[in-house]
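Only one structure is covered here, and it is reproduced in the block below.
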Number of protein chains: 4
Amino acid sequence: MSQDNKPLVVETEFPVRYAETDAMGVVHHANYLVYFEVGRCQLMRDMGSDYAHIEGDGYQLPVTELKVRFVGSLCFGDRVKIRTWMEENRSRRLTFAYEVIHPETEAILVSGFTSHVWTDKKGNVTRVPEFWSSLFNKIT
Amino acid sequence: MSQDNKPLVVETEFPVRYAETDAMGVVHHANYLVYFEVGRCQLMRDMGSDYAHIEGDGYQLPVTELKVRFVGSLCFGDRVKIRTWMEENRSRRLTFAYEVIHPETEAILVSGFTSHVWTDKKGNVTRVPEFWSSLFNKIT
Amino acid sequence: MSQDNKPLVVETEFPVRYAETDAMGVVHHANYLVYFEVGRCQLMRDMGSDYAHIEGDGYQLPVTELKVRFVGSLCFGDRVKIRTWMEENRSRRLTFAYEVIHPETEAILVSGFTSHVWTDKKGNVTRVPEFWSSLFNKIT
Amino acid sequence: MSQDNKPLVVETEFPVRYAETDAMGVVHHANYLVYFEVGRCQLMRDMGSDYAHIEGDGYQLPVTELKVRFVGSLCFGDRVKIRTWMEENRSRRLTFAYEVIHPETEAILVSGFTSHVWTDKKGNVTRVPEFWSSLFNKIT
């Protein structure tokens, strides 16, 4: 746990892509999971690491559960602004939480979490490697 | 509610697309929401209707909440087999449930639900039109 | 070359997915490449094989070049109807051609081709394995 | 035409998303069209405008033709670095060209172009509005 007991919150910002919109004129709901992934990867890079390194070391973090709540929406022309933090860091499981916020009012548009298990390359559940456990403890 | 108190369960089957896989060699988790959508649209067509008609009538059904649990995974070469049913049919809200099952063992690989609200074209929440309410009552 | 000098043309049909549309209300242009892929994989299955087997044998067929012409478009509610055939079958290179046609009028909406090279798992260009060469010769 | 007869070349850079990779372990070929779109939209914003404004004015720029050549590939962990410029600015048609380059060696990995027509909201081909014609002339 970090000294002040508050997790590191990373904010990532980028423009909505036209390909991400649908015929309702807004971002298709499935794409928020991709935005969550962008936030999650940025959080890892900001910690001085990278999910590519985790896979390079022979580990994977497949998603086991996810939940999303939609209150508002984003259109092409808007910027995606997403806050990501690590909510849980256990020996075999990680949980990340996310908020997509309105780029100006900062109202929460979409929120959710994704839970992941540590597996080896064959998909067998394993314990978090010591290196990653320590690193993640600093930001949870 | 349908006479026998059991909702209509529709099964849809189609091959995994290569574009849906990711570097882990399995279907990327966000694509299961697209599979859910395929199942949901098939359910509506099997009822003798179509989501395109709902939009043609000036209504929309944006997703307000969703949850997914992942137990197994699918690879390229596998077939997606998905069961869909309507779990809740209220005046302003609909909930659909889904199970992606192993095409041979029928074990549940992925399950979840999506909740939707009825809105007009401007996105204002509205009551379900009478026509759709009756139609959906028959299968819930 | 097949006896009558005409390549096997396979027709695949499936509904447009809502997630494939964009804010213009039509299928986003990048998704036609995914439709081409669906047609290409169906052609291989109809030949009694599967692209999954090619990868299982340690080979890959990455795309090296592609071209697409758009004359019309598809909306949600439409069905995708795609014709696929193999245009070229060389020792190191394959070319597939595609036509997405209007499900009723059969007018060509989108047409194009994709060229592929045979590589091993490391991505080194290689010659087509004898088994696949013979199989593909029958349909080109 | 710009004074020095050279078009404005805009460089955009961002990380590969995991969802964009496929089972070959590299970015799926269809996603380069989305990268091209990101580059094209950035070029418009760098000119002091936005494709969202074009649609806001009642015009659209659907793709009519595209071509892509693939020499190399990108993996998760890599950064996408894309150069975009306007190659042609006619009364009814626009063409953009793109190069995705290796983030370190600057070798060209993927190159291509997309051609677009000016249409109104109903999809009827129209002439470029004077405002956009002048703006685009400065960078072609």
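Note on naming: chains are A, B, ... as they come in the structure tokens, residues start from 1 per chain, ligands start from 1 in the order shown.
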Q) Which residues of chain C are close to chain A, meaning at most 6 Å apart when you count only C-alpha atoms, and how do they look as a VMD selection string? A) chain C and resid 21 to 23 25
Export of the given selection (C-alpha atoms) as a PDB file, in the first residue's frame:
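Generated output (out_0.pdb):
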ATOM      1  CA  THR C  21     -21.614   1.284 -38.252  1.00  0.00           C
ATOM      2  CA  ASP C  22     -20.275   4.799 -37.670  1.00  0.00           C
ATOM      3  CA  ALA C  23     -21.720   8.260 -37.106  1.00  0.00           C
ATOM      4  CA  GLY C  25     -25.063   5.826 -40.240  1.00  0.00           C
TER       5      GLY C  25
END
Q) If you count only C-alpha atoms, which residues fall within 12 Å of Lys122 of chain B, apart from same-chain ones fewer than 3 positions away, as a ChimeraX atom specification? A) /A:24-26 /B:55,58-62,118-119,125-126
What would the file look like if the residues just selected were written as a PDB file, in the first residue's frame with C-alpha atoms?
ATOM      1  CA  MET A  24     -26.452   6.540 -32.846  1.00  0.00           C
ATOM      2  CA  GLY A  25     -23.763   9.202 -33.439  1.00  0.00           C
ATOM      3  CA  VAL A  26     -21.913   8.385 -30.198  1.00  0.00           C
TER       4      VAL A  26
ATOM      5  CA  GLU B  55     -34.642   3.206 -34.694  1.00  0.00           C
ATOM      6  CA  GLY B  58     -37.617   7.165 -33.708  1.00  0.00           C
ATOM      7  CA  TYR B  59     -36.525   5.253 -30.604  1.00  0.00           C
ATOM      8  CA  GLN B  60     -33.136   4.055 -29.334  1.00  0.00           C
ATOM      9  CA  LEU B  61     -31.999   1.535 -26.725  1.00  0.00           C
ATOM     10  CA  PRO B  62     -28.606   2.737 -25.459  1.00  0.00           C
ATOM     11  CA  TRP B 118     -35.815   3.565 -24.043  1.00  0.00           C
ATOM     12  CA  THR B 119     -34.964   7.024 -25.417  1.00  0.00           C
ATOM     13  CA  VAL B 125     -35.582   8.709 -21.636  1.00  0.00           C
ATOM     14  CA  THR B 126     -39.095   7.727 -22.657  1.00  0.00           C
TER      15      THR B 126
END
**Q.** Residue set, chain B restricted to alpha helix (DSSP H), as a ChimeraX atom specification
**A.** /B:31-46,51-56,130-137
For the residues selected in the previous step, produce a file with C-alpha atoms as an mmCIF file, in the first residue's frame.
data_model
loop_
_atom_site.group_PDB
_atom_site.id
_atom_site.type_symbol
_atom_site.label_atom_id
_atom_site.label_comp_id
_atom_site.auth_asym_id
_atom_site.auth_seq_id
_atom_site.Cartn_x
_atom_site.Cartn_y
_atom_site.Cartn_z
ATOM 1 C CA ASN B 31 -15.527 -8.387 -28.630
ATOM 2 C CA TYR B 32 -17.844 -10.435 -26.433
ATOM 3 C CA LEU B 33 -19.966 -7.287 -26.142
ATOM 4 C CA VAL B 34 -20.239 -7.337 -29.929
ATOM 5 C CA TYR B 35 -21.215 -11.019 -29.762
ATOM 6 C CA PHE B 36 -23.859 -10.103 -27.161
ATOM 7 C CA GLU B 37 -25.156 -7.501 -29.612
ATOM 8 C CA VAL B 38 -25.325 -10.092 -32.391
ATOM 9 C CA GLY B 39 -27.350 -12.361 -30.073
ATOM 10 C CA ARG B 40 -29.648 -9.506 -28.999
ATOM 11 C CA CYS B 41 -30.363 -8.494 -32.605
ATOM 12 C CA GLN B 42 -31.040 -12.115 -33.578
ATOM 13 C CA LEU B 43 -33.498 -12.440 -30.670
ATOM 14 C CA MET B 44 -35.388 -9.372 -31.956
ATOM 15 C CA ARG B 45 -35.444 -10.737 -35.522
ATOM 16 C CA ASP B 46 -36.683 -14.119 -34.290
ATOM 17 C CA TYR B 51 -33.675 -3.182 -33.882
ATOM 18 C CA ALA B 52 -33.504 -1.264 -37.186
ATOM 19 C CA HIS B 53 -37.315 -0.862 -36.925
ATOM 20 C CA ILE B 54 -37.020 0.519 -33.389
ATOM 21 C CA GLU B 55 -34.642 3.206 -34.694
ATOM 22 C CA GLY B 56 -36.856 3.661 -37.763
ATOM 23 C CA GLU B 130 -47.080 -0.002 -26.770
ATOM 24 C CA PHE B 131 -46.227 -2.063 -29.876
ATOM 25 C CA TRP B 132 -42.825 -3.088 -28.522
ATOM 26 C CA SER B 133 -44.063 -3.598 -24.984
ATOM 27 C CA SER B 134 -46.582 -6.227 -26.153
ATOM 28 C CA LEU B 135 -44.109 -7.899 -28.450
ATOM 29 C CA PHE B 136 -41.435 -8.142 -25.748
ATOM 30 C CA ASN B 137 -43.965 -9.370 -23.150
#
Q. Skipping near chain neighbours, those fewer than 5 positions away, what residues fall within 9 Å of segment 103-114 of chain B using only C-alpha atoms, listed as a list in words?
A.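 With the cut-off at 9 Å, the set is Glu13, Tyr32, Leu33, Phe36, Val63, Thr64, Glu65, Leu66, Lys67, Val68, Arg69, Phe70, Val71, Gly72, Ser73, Leu74, Asp78, Arg79, Val80, Lys81, Glu87, Leu94, Thr95, Phe96, Ala97 and Tyr98 of chain B.
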